[in-house]
4 protein chains.
Amino acid sequence: MIKVGIVGGTGYTGVELLRLLSQHPKVELAAITSRAEAGTAVADMFPSLRGRVDLSFTDPAQAPLKDCHVVFFATPNGVAMQQAGALLEAGVRVIDLAADFRIQDVAVWEKWYGMTHAAPELVAEAVYGLPEINRERIKSARLVANPGCYPTAVQLGFLPLIEAGCVDVDALIADAKSGVSGAGRKAETHILFAEASDNFKAYAVPGHRHWPEIRQGLTLLAGKPVGLTFVPHLTPMIRGIHATLYARITREEDFQALFEQRFASEPFVDVLPPKSHPDTRSVRAANVCRIAVHRPQEGNTLVILSVIDNLVKGAAGQAIQNMNLMFGFEECLGLSQLPVLP
Amino acid sequence: MIKVGIVGGTGYTGVELLRLLSQHPKVELAAITSRAEAGTAVADMFPSLRGRVDLSFTDPAQAPLKDCHVVFFATPNGVAMQQAGALLEAGVRVIDLAADFRIQDVAVWEKWYGMTHAAPELVAEAVYGLPEINRERIKSARLVANPGCYPTAVQLGFLPLIEAGCVDVDALIADAKSGVSGAGRKAETHILFAEASDNFKAYAVPGHRHWPEIRQGLTLLAGKPVGLTFVPHLTPMIRGIHATLYARITREEDFQALFEQRFASEPFVDVLPPKSHPDTRSVRAANVCRIAVHRPQEGNTLVILSVIDNLVKGAAGQAIQNMNLMFGFEECLGLSQLPVLP
Amino acid sequence: MIKVGIVGGTGYTGVELLRLLSQHPKVELAAITSRAEAGTAVADMFPSLRGRVDLSFTDPAQAPLKDCHVVFFATPNGVAMQQAGALLEAGVRVIDLAADFRIQDVAVWEKWYGMTHAAPELVAEAVYGLPEINRERIKSARLVANPGCYPTAVQLGFLPLIEAGCVDVDALIADAKSGVSGAGRKAETHILFAEASDNFKAYAVPGHRHWPEIRQGLTLLAGKPVGLTFVPHLTPMIRGIHATLYARITREEDFQALFEQRFASEPFVDVLPPKSHPDTRSVRAANVCRIAVHRPQEGNTLVILSVIDNLVKGAAGQAIQNMNLMFGFEECLGLSQLPVLP
Amino acid sequence: MIKVGIVGGTGYTGVELLRLLSQHPKVELAAITSRAEAGTAVADMFPSLRGRVDLSFTDPAQAPLKDCHVVFFATPNGVAMQQAGALLEAGVRVIDLAADFRIQDVAVWEKWYGMTHAAPELVAEAVYGLPEINRERIKSARLVANPGCYPTAVQLGFLPLIEAGCVDVDALIADAKSGVSGAGRKAETHILFAEASDNFKAYAVPGHRHWPEIRQGLTLLAGKPVGLTFVPHLTPMIRGIHATLYARITREEDFQALFEQRFASEPFVDVLPPKSHPDTRSVRAANVCRIAVHRPQEGNTLVILSVIDNLVKGAAGQAIQNMNLMFGFEECLGLSQLPVLP
């Protein structure tokens, strides 16, 4: 058993961490913090946890975080970078579900996130927590930067093609669609039910913060800077990301076999048979990425479909997968819930 | 470990049984039948089960159902009554998720279901599978009639009041709202997305088949015929039932305490604090009924709010709860998944 | 042509007024105010109005409201009572879509709305704008209190029964379900898409502000205080109210004929044939109330189903219907759009 | 006034034609046919039309279609080609909302639609009813092939770029998302509410029938065969198409100005200001296409966002726009309803 703390548990990644961690056989939930909700029982805010999670939110200043083996930050961007250093010094390992440690180039991070980085020295140490790429480094990491939701779906979908060097990395296109929980549990007008329901739109086409994150990951895979057009869209569903990826073929391959082989031993990536169309509900509430490979009309453009639950494989589930790796647990421990369909 | 068979696994209660049974530690899924889909891998029809359920649908004639310890019928009404007898004779226990054995008065059943009953002798033997009322009888039952979804939510909500004899049982009102999965996985126009989304309506106000089932249960509790008005509504959500119950007070009580005491030892009924409003998502995908007790403006009308997931506590989950009782397993075994919120 | 002003046009009733008034053949939109959005073009906030509404929001202090023939208040409660007096003195007629002038008993209003009334003298003058009851008084009114959305659906449904004196007015029950736009265009967590979608719940069961409003109206009809239990629910749809009404019969009638006769000459109330179930989409975006009359199992409880679009017959449409009456226009002018289905 | 007939009025394009035509000042609805529903009052099937449309469905054999000035076919593919000839001979003009006359190359049509064409001689005569390209030819057409929904959104979005010759037409990508009404009012499992709600997926990636239609249109514009990758997706909303289009720049232009100038005089195409993100609800229930032009990160890929209501500008509205042109009416007549938002 390890002691686990959560900083900032009132958002959707927070409550999803609680759902998954409270069912994890090796975890003791030791503390969950929220300045605004200090003293409130977690189960009063999230009745789905009644009878199963007894914790109350604690003020961050009082929470016994340094007694934990690992602390998850489910906070807005800019919080973990303030607090991670002290925890690491105290021997606590840290998994940040926000973006503070995802971008290695601090100047790029500061430009896209609009603030000065408080702990640039930790950025270099942080391991980008995509196990399908960085599994070994994650095992020994003190500090893991959990990937964003779009970056998880997009990078897993492009991964085999770029590793194999068989597509034109100068003109990659990622057309991604997200459920509304991806925007967080914030009181903002544009994500009200009466605004976002029965409606569909693109957003942030001029530039989204996940663009440099995805581009960094693909550039590392390609060994040279990639050209990426990334268009996110808001879809009237609660959970789920569907990434539709386009790449031009530069060398013939058996692309279906390429994907199947690359992910054959991955516990949480499922390559579907040819001509499949994964739907987001096939991964709802589960830590899985399902991928289908298409080559329409035998042309020279590949179409890759990649779906995840943005709150699980795109956030809390992947964070726990990283925790399992860091503490030598079986990688699937506590993550074997089946998707909820319908 | 017990061997379990499912007859008719292509509907929503079927796939929900598969989701829950495949994660149950004492269950070996031995067979699942579908005439129409014989030979199809279950996971091809329901990709959410890929990698976790290896079975294919079998033609009912070929399926090794008589080798099972228990067989679930997730079939349309009128199927289980044809087949249950032979299975029982072979020593197999049967849980019917349809309505064939729910109504003790065969003439009433035949009137509401529009067919002649094929096994009236089994009706008398069948135990109505609402554990909160019939736990002991279920333990030894060979044949369990699993309650309908509306009847579960409505009976649990009225139960403490009628047992205590403190409301007027001549004028009970149950205004119930169901998600669309309650209508089944049938290709019918009125439950198409473009018909049922962004829309709300009552249906079957002149008479719904769950009315005699609820009335039978409440009449047994009251010890005399009850007067019940039952109005079901179709709500644009996938899962969930919300029953809003109205009863006139005939004797003063501490109604909150009455409910809390009645359900204090029930593992799957959760009485909320005063002034609560349970939402259906607080039980989504979980085997729980949450109940709140209100007395608006201190008048003489009680308002009880009762929510369940129609596919879990209203169908597959309750069926497994019954199975656990029948085979001496811990009642909660395989049913401890937390609700999925958001 | 009359000049029309709108105070507070950034909410859902405001944009619905704009949609309907900009298509009204006798209306010139002269001003729309918003302190927060002063200077913003209306069509920049609501792109649905691009090319059709050229106005910009004006600061209330600068808006030429006194030059208007009529001003609509689409403001939060408590605003119209501050400003209506000066407009009325200037000869401008006023229609308040909020609650400031709906309740004749100022003490009751102050209790439910939690503020001191700023213009109690105007309350007595205000005419409650339900044309099916007050048509003649509305025609000559200077100040109209436009009814709430729930009160419109519930009062129209009970109206014929109470006027005829054939039901028990001591035990009326109104179980009402509203789309989420009824909660307004406010940045609040509980009406976020990820909270309100795929979910259903009751709210304000201990007491909702529309309860005294409905009760006042029904009491006037009955000629004595009525007993009313009112339970509102939040439904995952954008627009629409479905009221399910329960009343015990005290005198036999041909109830279907009673409703048909009462509403025979009403342009915006449609009594459906026996055994009908109106759905909310059958009135979506239109100024209609559709009603069905049921008597389940020939018992002594009537069930009335009443549906409206909360933003049209429940707000902006009814306000324009009142305007038409006040200015001697044909009552249907500008209100003949057909419902949008699907 | 012209007499109008509708063949096949029980689907979504049929009821949308009814909604719009019954409000058109120059139209008398003379007949609507349905074999299955002959004798049923239209308003019994679609209560939204109660009191406004008095017609009943007629058997096609009895309907006075030859007395009409124009007949709309809102039928499945393959019906209009059987019946259009006789109507044209009788002097009736025909607008087909299905695909029978959209593809000029009969062999291509037969391959994609899986049937032999019954009237290839009419294909050559038919005018493709996209007014923004073919306005003059439509005016004098006897037979109009109304474009598909996806083809309308995609062609209007690519139109200025291809006409100007400033993008690489060998590698066009159209990632399109449709509401579920686009699949028609057919009782099919995959478009049930409980399947399509809270879910997102691509479909027909190997090949969709709108691909050859779009490709034909773009090829005509380009003057040479274009390379097009087209991926449609199913979105959990009722109405709306959002096309996200990708094109590589081959010659610098002021792309925003290019779009604004091309559509300056188009009554139903609205080019939004730079950096806009049109949402589908901004055109809900209205005959408008809204377009935004983006060039992310000043790279060499243009991103065009194009939204329509699939049932209006993508079907019934565009058909009436064509009718207006054919009969010399003002092009906007009967099509000026504002979008319904929220």
# chains A, B, ... in the order shown; residues from 1 in each chain; ligands from 1

$ interface_residues --of "chain B" --to "chain D" --cutoff "8 Å" --atoms "only C-alpha atoms" --output "ChimeraX atom specification"
/B:180-181,185-189,191-194,196-197,236-238

$ write_last_selection --atoms "N, CA and C atoms" --output "short mmCIF file (atom, residue, chain, number, x, y, z; two decimals), in the first residue's frame"
data_model
loop_
_atom_site.label_atom_id
_atom_site.label_comp_id
_atom_site.auth_asym_id
_atom_site.auth_seq_id
_atom_site.Cartn_x
_atom_site.Cartn_y
_atom_site.Cartn_z
N VAL B 180 -33.42 6.62 -22.36
CA VAL B 180 -33.93 5.96 -23.55
C VAL B 180 -33.47 4.50 -23.65
N SER B 181 -32.40 4.14 -22.97
CA SER B 181 -31.99 2.73 -23.02
C SER B 181 -33.06 1.83 -22.43
N ARG B 185 -32.82 -2.07 -27.13
CA ARG B 185 -31.98 -1.86 -28.33
C ARG B 185 -32.74 -2.39 -29.55
N LYS B 186 -33.83 -1.71 -29.84
CA LYS B 186 -34.69 -2.12 -30.95
C LYS B 186 -34.73 -1.00 -31.98
N ALA B 187 -34.74 -1.38 -33.23
CA ALA B 187 -34.77 -0.39 -34.31
C ALA B 187 -36.19 0.13 -34.47
N GLU B 188 -36.53 1.15 -33.66
CA GLU B 188 -37.85 1.76 -33.75
C GLU B 188 -37.69 3.26 -33.91
N THR B 189 -38.59 3.83 -34.70
CA THR B 189 -38.43 5.23 -35.06
C THR B 189 -38.46 6.17 -33.86
N ILE B 191 -37.48 6.11 -30.93
CA ILE B 191 -36.32 6.23 -30.05
C ILE B 191 -35.04 6.53 -30.84
N LEU B 192 -35.20 6.95 -32.08
CA LEU B 192 -34.04 7.45 -32.82
C LEU B 192 -33.47 8.69 -32.12
N PHE B 193 -32.19 8.90 -32.31
CA PHE B 193 -31.58 10.10 -31.72
C PHE B 193 -32.31 11.36 -32.15
N ALA B 194 -32.61 11.47 -33.45
CA ALA B 194 -33.20 12.72 -33.94
C ALA B 194 -34.64 12.90 -33.48
N ALA B 196 -35.69 11.52 -30.17
CA ALA B 196 -35.72 11.51 -28.70
C ALA B 196 -34.79 12.54 -28.07
N SER B 197 -33.85 13.06 -28.84
CA SER B 197 -32.92 14.04 -28.29
C SER B 197 -33.60 15.40 -28.19
N PRO B 236 -34.26 12.61 -22.49
CA PRO B 236 -33.11 12.49 -23.39
C PRO B 236 -31.79 12.23 -22.67
N MET B 237 -31.70 11.06 -22.08
CA MET B 237 -30.42 10.61 -21.52
C MET B 237 -30.34 9.10 -21.78
N ILE B 238 -29.16 8.54 -21.69
CA ILE B 238 -29.00 7.13 -22.04
C ILE B 238 -29.51 6.25 -20.91
#

$ residues_around --residues "Ala141 in chain B" --least-positions-apart "5" --cutoff "12 Å" --atoms "only C-alpha atoms" --output "list of chain:residue names"
B:Val70, B:Leu88, B:Gly91, B:Val92, B:Arg93, B:Val94, B:Ile95, B:Leu122, B:Ala124, B:Glu125, B:Ala126, B:Val127, B:Tyr128, B:Gly129, B:Pro131, B:Asn134, B:Arg135, B:Glu136, B:Asn146, B:Asn322, B:Met323, B:Asn324, B:Leu325, B:Met326, B:Phe327, B:Gly328

$ write_last_selection --atoms "C-alpha atoms" --output "compact mmCIF listing (two decimals), in the first residue's frame"
# COMPACT_ATOMS: atom_id res chain seq x y z
CA VAL B 70 -27.52 -20.40 -13.54
CA LEU B 88 -35.02 -26.06 -13.94
CA GLY B 91 -31.03 -28.50 -12.09
CA VAL B 92 -30.15 -25.11 -13.54
CA ARG B 93 -31.32 -22.08 -11.65
CA VAL B 94 -32.94 -19.31 -13.69
CA ILE B 95 -33.08 -15.53 -13.40
CA LEU B 122 -43.80 -21.85 -12.58
CA ALA B 124 -46.32 -19.62 -8.38
CA GLU B 125 -42.84 -20.87 -7.65
CA ALA B 126 -41.01 -17.82 -8.95
CA VAL B 127 -39.63 -15.42 -6.37
CA TYR B 128 -39.84 -11.72 -7.11
CA GLY B 129 -36.23 -10.63 -7.02
CA PRO B 131 -33.75 -8.26 -2.30
CA ASN B 134 -37.50 -10.86 -0.48
CA ARG B 135 -33.88 -11.51 0.46
CA GLU B 136 -34.44 -14.77 2.31
CA ASN B 146 -36.06 -9.92 -11.74
CA ASN B 322 -29.92 -12.00 -6.83
CA MET B 323 -27.38 -14.48 -8.19
CA ASN B 324 -25.03 -13.65 -5.36
CA LEU B 325 -27.79 -14.37 -2.85
CA MET B 326 -28.78 -17.61 -4.59
CA PHE B 327 -25.25 -18.99 -4.54
CA GLY B 328 -24.22 -17.80 -1.10

$ residues_around --residues "Leu21 in chain C" --least-positions-apart "3" --cutoff "12 Å" --atoms "only C-alpha atoms" --output "MDAnalysis selection string"
(chainID C and resid 1:6 13:18 24:32 49 52:53 72 312 316:321 323:324 333:335) or (chainID D and resid 337:338)

$ write_last_selection --atoms "C-alpha atoms" --output "PDB file, in the first residue's frame"
ATOM      1  CA  MET C   1     -44.800  50.596 -36.630  1.00  0.00           C
ATOM      2  CA  ILE C   2     -43.933  50.997 -32.991  1.00  0.00           C
ATOM      3  CA  LYS C   3     -40.548  51.652 -31.437  1.00  0.00           C
ATOM      4  CA  VAL C   4     -39.436  48.922 -29.079  1.00  0.00           C
ATOM      5  CA  GLY C   5     -36.695  48.867 -26.476  1.00  0.00           C
ATOM      6  CA  ILE C   6     -35.181  45.916 -24.647  1.00  0.00           C
ATOM      7  CA  THR C  13     -35.100  35.690 -23.171  1.00  0.00           C
ATOM      8  CA  GLY C  14     -33.292  38.698 -24.611  1.00  0.00           C
ATOM      9  CA  VAL C  15     -31.968  36.915 -27.675  1.00  0.00           C
ATOM     10  CA  GLU C  16     -35.344  35.240 -28.172  1.00  0.00           C
ATOM     11  CA  LEU C  17     -37.052  38.636 -28.074  1.00  0.00           C
ATOM     12  CA  LEU C  18     -34.556  39.781 -30.698  1.00  0.00           C
ATOM     13  CA  HIS C  24     -42.294  41.311 -36.495  1.00  0.00           C
ATOM     14  CA  PRO C  25     -43.830  43.465 -39.229  1.00  0.00           C
ATOM     15  CA  LYS C  26     -44.979  46.285 -36.932  1.00  0.00           C
ATOM     16  CA  VAL C  27     -41.855  46.641 -34.808  1.00  0.00           C
ATOM     17  CA  GLU C  28     -38.815  48.843 -35.111  1.00  0.00           C
ATOM     18  CA  LEU C  29     -36.093  47.792 -32.698  1.00  0.00           C
ATOM     19  CA  ALA C  30     -34.934  51.095 -31.270  1.00  0.00           C
ATOM     20  CA  ALA C  31     -32.615  50.140 -28.431  1.00  0.00           C
ATOM     21  CA  ILE C  32     -31.182  47.250 -26.522  1.00  0.00           C
ATOM     22  CA  LEU C  49     -28.597  37.468 -35.892  1.00  0.00           C
ATOM     23  CA  ARG C  52     -30.528  40.897 -39.617  1.00  0.00           C
ATOM     24  CA  VAL C  53     -30.049  42.870 -36.424  1.00  0.00           C
ATOM     25  CA  PHE C  72     -39.333  44.900 -22.487  1.00  0.00           C
ATOM     26  CA  VAL C 312     -41.487  31.411 -26.350  1.00  0.00           C
ATOM     27  CA  ALA C 316     -40.534  36.086 -25.157  1.00  0.00           C
ATOM     28  CA  GLY C 317     -43.384  34.856 -27.355  1.00  0.00           C
ATOM     29  CA  GLN C 318     -45.995  35.466 -24.699  1.00  0.00           C
ATOM     30  CA  ALA C 319     -44.501  38.916 -24.081  1.00  0.00           C
ATOM     31  CA  ILE C 320     -44.975  39.744 -27.768  1.00  0.00           C
ATOM     32  CA  GLN C 321     -48.474  38.290 -27.663  1.00  0.00           C
ATOM     33  CA  MET C 323     -47.552  43.578 -26.859  1.00  0.00           C
ATOM     34  CA  ASN C 324     -49.838  42.746 -29.785  1.00  0.00           C
ATOM     35  CA  LEU C 333     -48.720  38.972 -35.587  1.00  0.00           C
ATOM     36  CA  GLY C 334     -45.085  37.963 -35.753  1.00  0.00           C
ATOM     37  CA  LEU C 335     -45.796  34.765 -33.857  1.00  0.00           C
TER      38      LEU C 335
ATOM     39  CA  GLN D 337     -36.510  32.714 -40.810  1.00  0.00           C
ATOM     40  CA  LEU D 338     -33.781  33.519 -38.338  1.00  0.00           C
TER      41      LEU D 338
END

$ residues_around --residues "range 272-288 of chain B" --least-positions-apart "5" --cutoff "9 Å" --atoms "only C-alpha atoms" --output "PyMOL selection string"
(chain A and resi 46-49+340) or (chain B and resi 239-242+256+260+267+293-294+305-314+316-318+321+335-342) or (chain C and resi 195+198-206)

$ closest_residue --among "D:Gly299, D:Thr33, D:Thr244, D:Ala98" --to "Ala176 in chain A" --atoms "only C-alpha atoms"
D:Thr244

$ select_by_dssp --residues "range 45-239 of chain B" --states "strand (DSSP E or B)" --output "PDB file with N, CA and C atoms, in the first residue's frame"
ATOM      1  N   SER B  56     -18.377 -16.174 -28.387  1.00  0.00           N
ATOM      2  CA  SER B  56     -19.209 -15.819 -29.531  1.00  0.00           C
ATOM      3  C   SER B  56     -20.653 -16.164 -29.194  1.00  0.00           C
ATOM      4  N   THR B  58     -24.000 -18.045 -29.588  1.00  0.00           N
ATOM      5  CA  THR B  58     -24.290 -19.409 -30.007  1.00  0.00           C
ATOM      6  C   THR B  58     -25.775 -19.513 -30.315  1.00  0.00           C
ATOM      7  N   VAL B  70     -26.417 -21.379 -13.467  1.00  0.00           N
ATOM      8  CA  VAL B  70     -27.516 -20.401 -13.537  1.00  0.00           C
ATOM      9  C   VAL B  70     -27.568 -19.834 -14.951  1.00  0.00           C
ATOM     10  N   VAL B  71     -28.779 -19.592 -15.406  1.00  0.00           N
ATOM     11  CA  VAL B  71     -28.976 -18.982 -16.718  1.00  0.00           C
ATOM     12  C   VAL B  71     -29.797 -17.701 -16.539  1.00  0.00           C
ATOM     13  N   PHE B  72     -29.292 -16.624 -17.129  1.00  0.00           N
ATOM     14  CA  PHE B  72     -30.023 -15.356 -17.160  1.00  0.00           C
ATOM     15  C   PHE B  72     -30.781 -15.264 -18.484  1.00  0.00           C
ATOM     16  N   PHE B  73     -32.040 -14.888 -18.425  1.00  0.00           N
ATOM     17  CA  PHE B  73     -32.791 -14.583 -19.649  1.00  0.00           C
ATOM     18  C   PHE B  73     -32.855 -13.068 -19.835  1.00  0.00           C
ATOM     19  N   ARG B  93     -30.493 -23.147 -12.208  1.00  0.00           N
ATOM     20  CA  ARG B  93     -31.318 -22.076 -11.652  1.00  0.00           C
ATOM     21  C   ARG B  93     -31.480 -20.975 -12.699  1.00  0.00           C
ATOM     22  N   VAL B  94     -32.575 -20.242 -12.619  1.00  0.00           N
ATOM     23  CA  VAL B  94     -32.940 -19.310 -13.686  1.00  0.00           C
ATOM     24  C   VAL B  94     -33.274 -17.945 -13.091  1.00  0.00           C
ATOM     25  N   ILE B  95     -32.722 -16.915 -13.734  1.00  0.00           N
ATOM     26  CA  ILE B  95     -33.085 -15.531 -13.395  1.00  0.00           C
ATOM     27  C   ILE B  95     -33.605 -14.888 -14.666  1.00  0.00           C
ATOM     28  N   ASP B  96     -34.875 -14.494 -14.647  1.00  0.00           N
ATOM     29  CA  ASP B  96     -35.493 -13.905 -15.844  1.00  0.00           C
ATOM     30  C   ASP B  96     -35.532 -12.393 -15.696  1.00  0.00           C
ATOM     31  N   VAL B 127     -39.790 -16.419  -7.422  1.00  0.00           N
ATOM     32  CA  VAL B 127     -39.625 -15.420  -6.367  1.00  0.00           C
ATOM     33  C   VAL B 127     -39.324 -14.076  -7.019  1.00  0.00           C
ATOM     34  N   TYR B 128     -40.044 -13.053  -6.589  1.00  0.00           N
ATOM     35  CA  TYR B 128     -39.843 -11.716  -7.113  1.00  0.00           C
ATOM     36  C   TYR B 128     -38.542 -11.161  -6.548  1.00  0.00           C
ATOM     37  N   LEU B 143     -36.039 -20.144  -9.271  1.00  0.00           N
ATOM     38  CA  LEU B 143     -36.462 -19.271 -10.363  1.00  0.00           C
ATOM     39  C   LEU B 143     -36.742 -17.881  -9.801  1.00  0.00           C
ATOM     40  N   VAL B 144     -36.007 -16.908 -10.282  1.00  0.00           N
ATOM     41  CA  VAL B 144     -36.188 -15.535  -9.810  1.00  0.00           C
ATOM     42  C   VAL B 144     -36.737 -14.674 -10.938  1.00  0.00           C
ATOM     43  N   ALA B 145     -37.790 -13.939 -10.624  1.00  0.00           N
ATOM     44  CA  ALA B 145     -38.329 -12.944 -11.553  1.00  0.00           C
ATOM     45  C   ALA B 145     -37.705 -11.605 -11.201  1.00  0.00           C
ATOM     46  N   VAL B 167     -49.179   6.550   5.220  1.00  0.00           N
ATOM     47  CA  VAL B 167     -49.686   7.355   4.097  1.00  0.00           C
ATOM     48  C   VAL B 167     -50.958   6.718   3.541  1.00  0.00           C
ATOM     49  N   LEU B 172     -51.778   6.982  -4.320  1.00  0.00           N
ATOM     50  CA  LEU B 172     -50.346   7.115  -4.551  1.00  0.00           C
ATOM     51  C   LEU B 172     -50.110   7.565  -5.992  1.00  0.00           C
ATOM     52  N   ILE B 173     -49.117   8.424  -6.160  1.00  0.00           N
ATOM     53  CA  ILE B 173     -48.768   8.895  -7.500  1.00  0.00           C
ATOM     54  C   ILE B 173     -47.281   8.672  -7.719  1.00  0.00           C
ATOM     55  N   ALA B 174     -46.968   8.056  -8.868  1.00  0.00           N
ATOM     56  CA  ALA B 174     -45.563   7.852  -9.243  1.00  0.00           C
ATOM     57  C   ALA B 174     -45.348   8.477 -10.613  1.00  0.00           C
ATOM     58  N   ASP B 175     -44.606   9.578 -10.612  1.00  0.00           N
ATOM     59  CA  ASP B 175     -44.261  10.272 -11.860  1.00  0.00           C
ATOM     60  C   ASP B 175     -42.808   9.893 -12.149  1.00  0.00           C
ATOM     61  N   ALA B 176     -42.625   9.057 -13.169  1.00  0.00           N
ATOM     62  CA  ALA B 176     -41.302   8.473 -13.378  1.00  0.00           C
ATOM     63  C   ALA B 176     -40.728   8.886 -14.724  1.00  0.00           C
ATOM     64  N   LYS B 177     -39.415   9.068 -14.746  1.00  0.00           N
ATOM     65  CA  LYS B 177     -38.719   9.515 -15.942  1.00  0.00           C
ATOM     66  C   LYS B 177     -37.590   8.543 -16.236  1.00  0.00           C
ATOM     67  N   SER B 178     -37.513   8.078 -17.466  1.00  0.00           N
ATOM     68  CA  SER B 178     -36.503   7.076 -17.814  1.00  0.00           C
ATOM     69  C   SER B 178     -35.622   7.552 -18.952  1.00  0.00           C
ATOM     70  N   LEU B 192     -35.200   6.953 -32.081  1.00  0.00           N
ATOM     71  CA  LEU B 192     -34.040   7.454 -32.820  1.00  0.00           C
ATOM     72  C   LEU B 192     -33.474   8.687 -32.122  1.00  0.00           C
ATOM     73  N   LYS B 201     -41.235  13.731 -23.246  1.00  0.00           N
ATOM     74  CA  LYS B 201     -42.666  13.418 -23.356  1.00  0.00           C
ATOM     75  C   LYS B 201     -43.066  12.315 -22.387  1.00  0.00           C
ATOM     76  N   ALA B 202     -44.324  12.327 -22.019  1.00  0.00           N
ATOM     77  CA  ALA B 202     -44.919  11.202 -21.311  1.00  0.00           C
ATOM     78  C   ALA B 202     -45.312  10.149 -22.349  1.00  0.00           C
ATOM     79  N   LEU B 228     -53.015   3.499  -7.417  1.00  0.00           N
ATOM     80  CA  LEU B 228     -51.750   4.024  -7.922  1.00  0.00           C
ATOM     81  C   LEU B 228     -51.954   4.665  -9.284  1.00  0.00           C
ATOM     82  N   THR B 229     -51.509   5.905  -9.413  1.00  0.00           N
ATOM     83  CA  THR B 229     -51.415   6.543 -10.729  1.00  0.00           C
ATOM     84  C   THR B 229     -49.946   6.552 -11.106  1.00  0.00           C
ATOM     85  N   PHE B 230     -49.638   5.995 -12.276  1.00  0.00           N
ATOM     86  CA  PHE B 230     -48.246   5.842 -12.700  1.00  0.00           C
ATOM     87  C   PHE B 230     -48.083   6.457 -14.084  1.00  0.00           C
ATOM     88  N   VAL B 231     -47.232   7.469 -14.182  1.00  0.00           N
ATOM     89  CA  VAL B 231     -47.004   8.131 -15.474  1.00  0.00           C
ATOM     90  C   VAL B 231     -45.514   8.072 -15.815  1.00  0.00           C
ATOM     91  N   PRO B 232     -45.155   7.263 -16.821  1.00  0.00           N
ATOM     92  CA  PRO B 232     -43.755   7.220 -17.252  1.00  0.00           C
ATOM     93  C   PRO B 232     -43.464   8.269 -18.321  1.00  0.00           C
ATOM     94  N   HIS B 233     -42.232   8.736 -18.350  1.00  0.00           N
ATOM     95  CA  HIS B 233     -41.796   9.740 -19.322  1.00  0.00           C
ATOM     96  C   HIS B 233     -40.471   9.311 -19.930  1.00  0.00           C
ATOM     97  N   LEU B 234     -40.267   9.739 -21.165  1.00  0.00           N
ATOM     98  CA  LEU B 234     -39.009   9.466 -21.864  1.00  0.00           C
ATOM     99  C   LEU B 234     -38.128  10.714 -21.788  1.00  0.00           C
TER     100      LEU B 234
END

$ atom_distance --atom1 "CA of Asp254 in chain B" --atom2 "CA of Leu156 in chain B"
17.8 Å

$ select_by_dssp --residues "range 133-243 of chain B" --states "helix (DSSP H, G or I)" --output "MDAnalysis selection string"
chainID B and resid 133:139 149:164 180:183 189:191 193:196 210:222
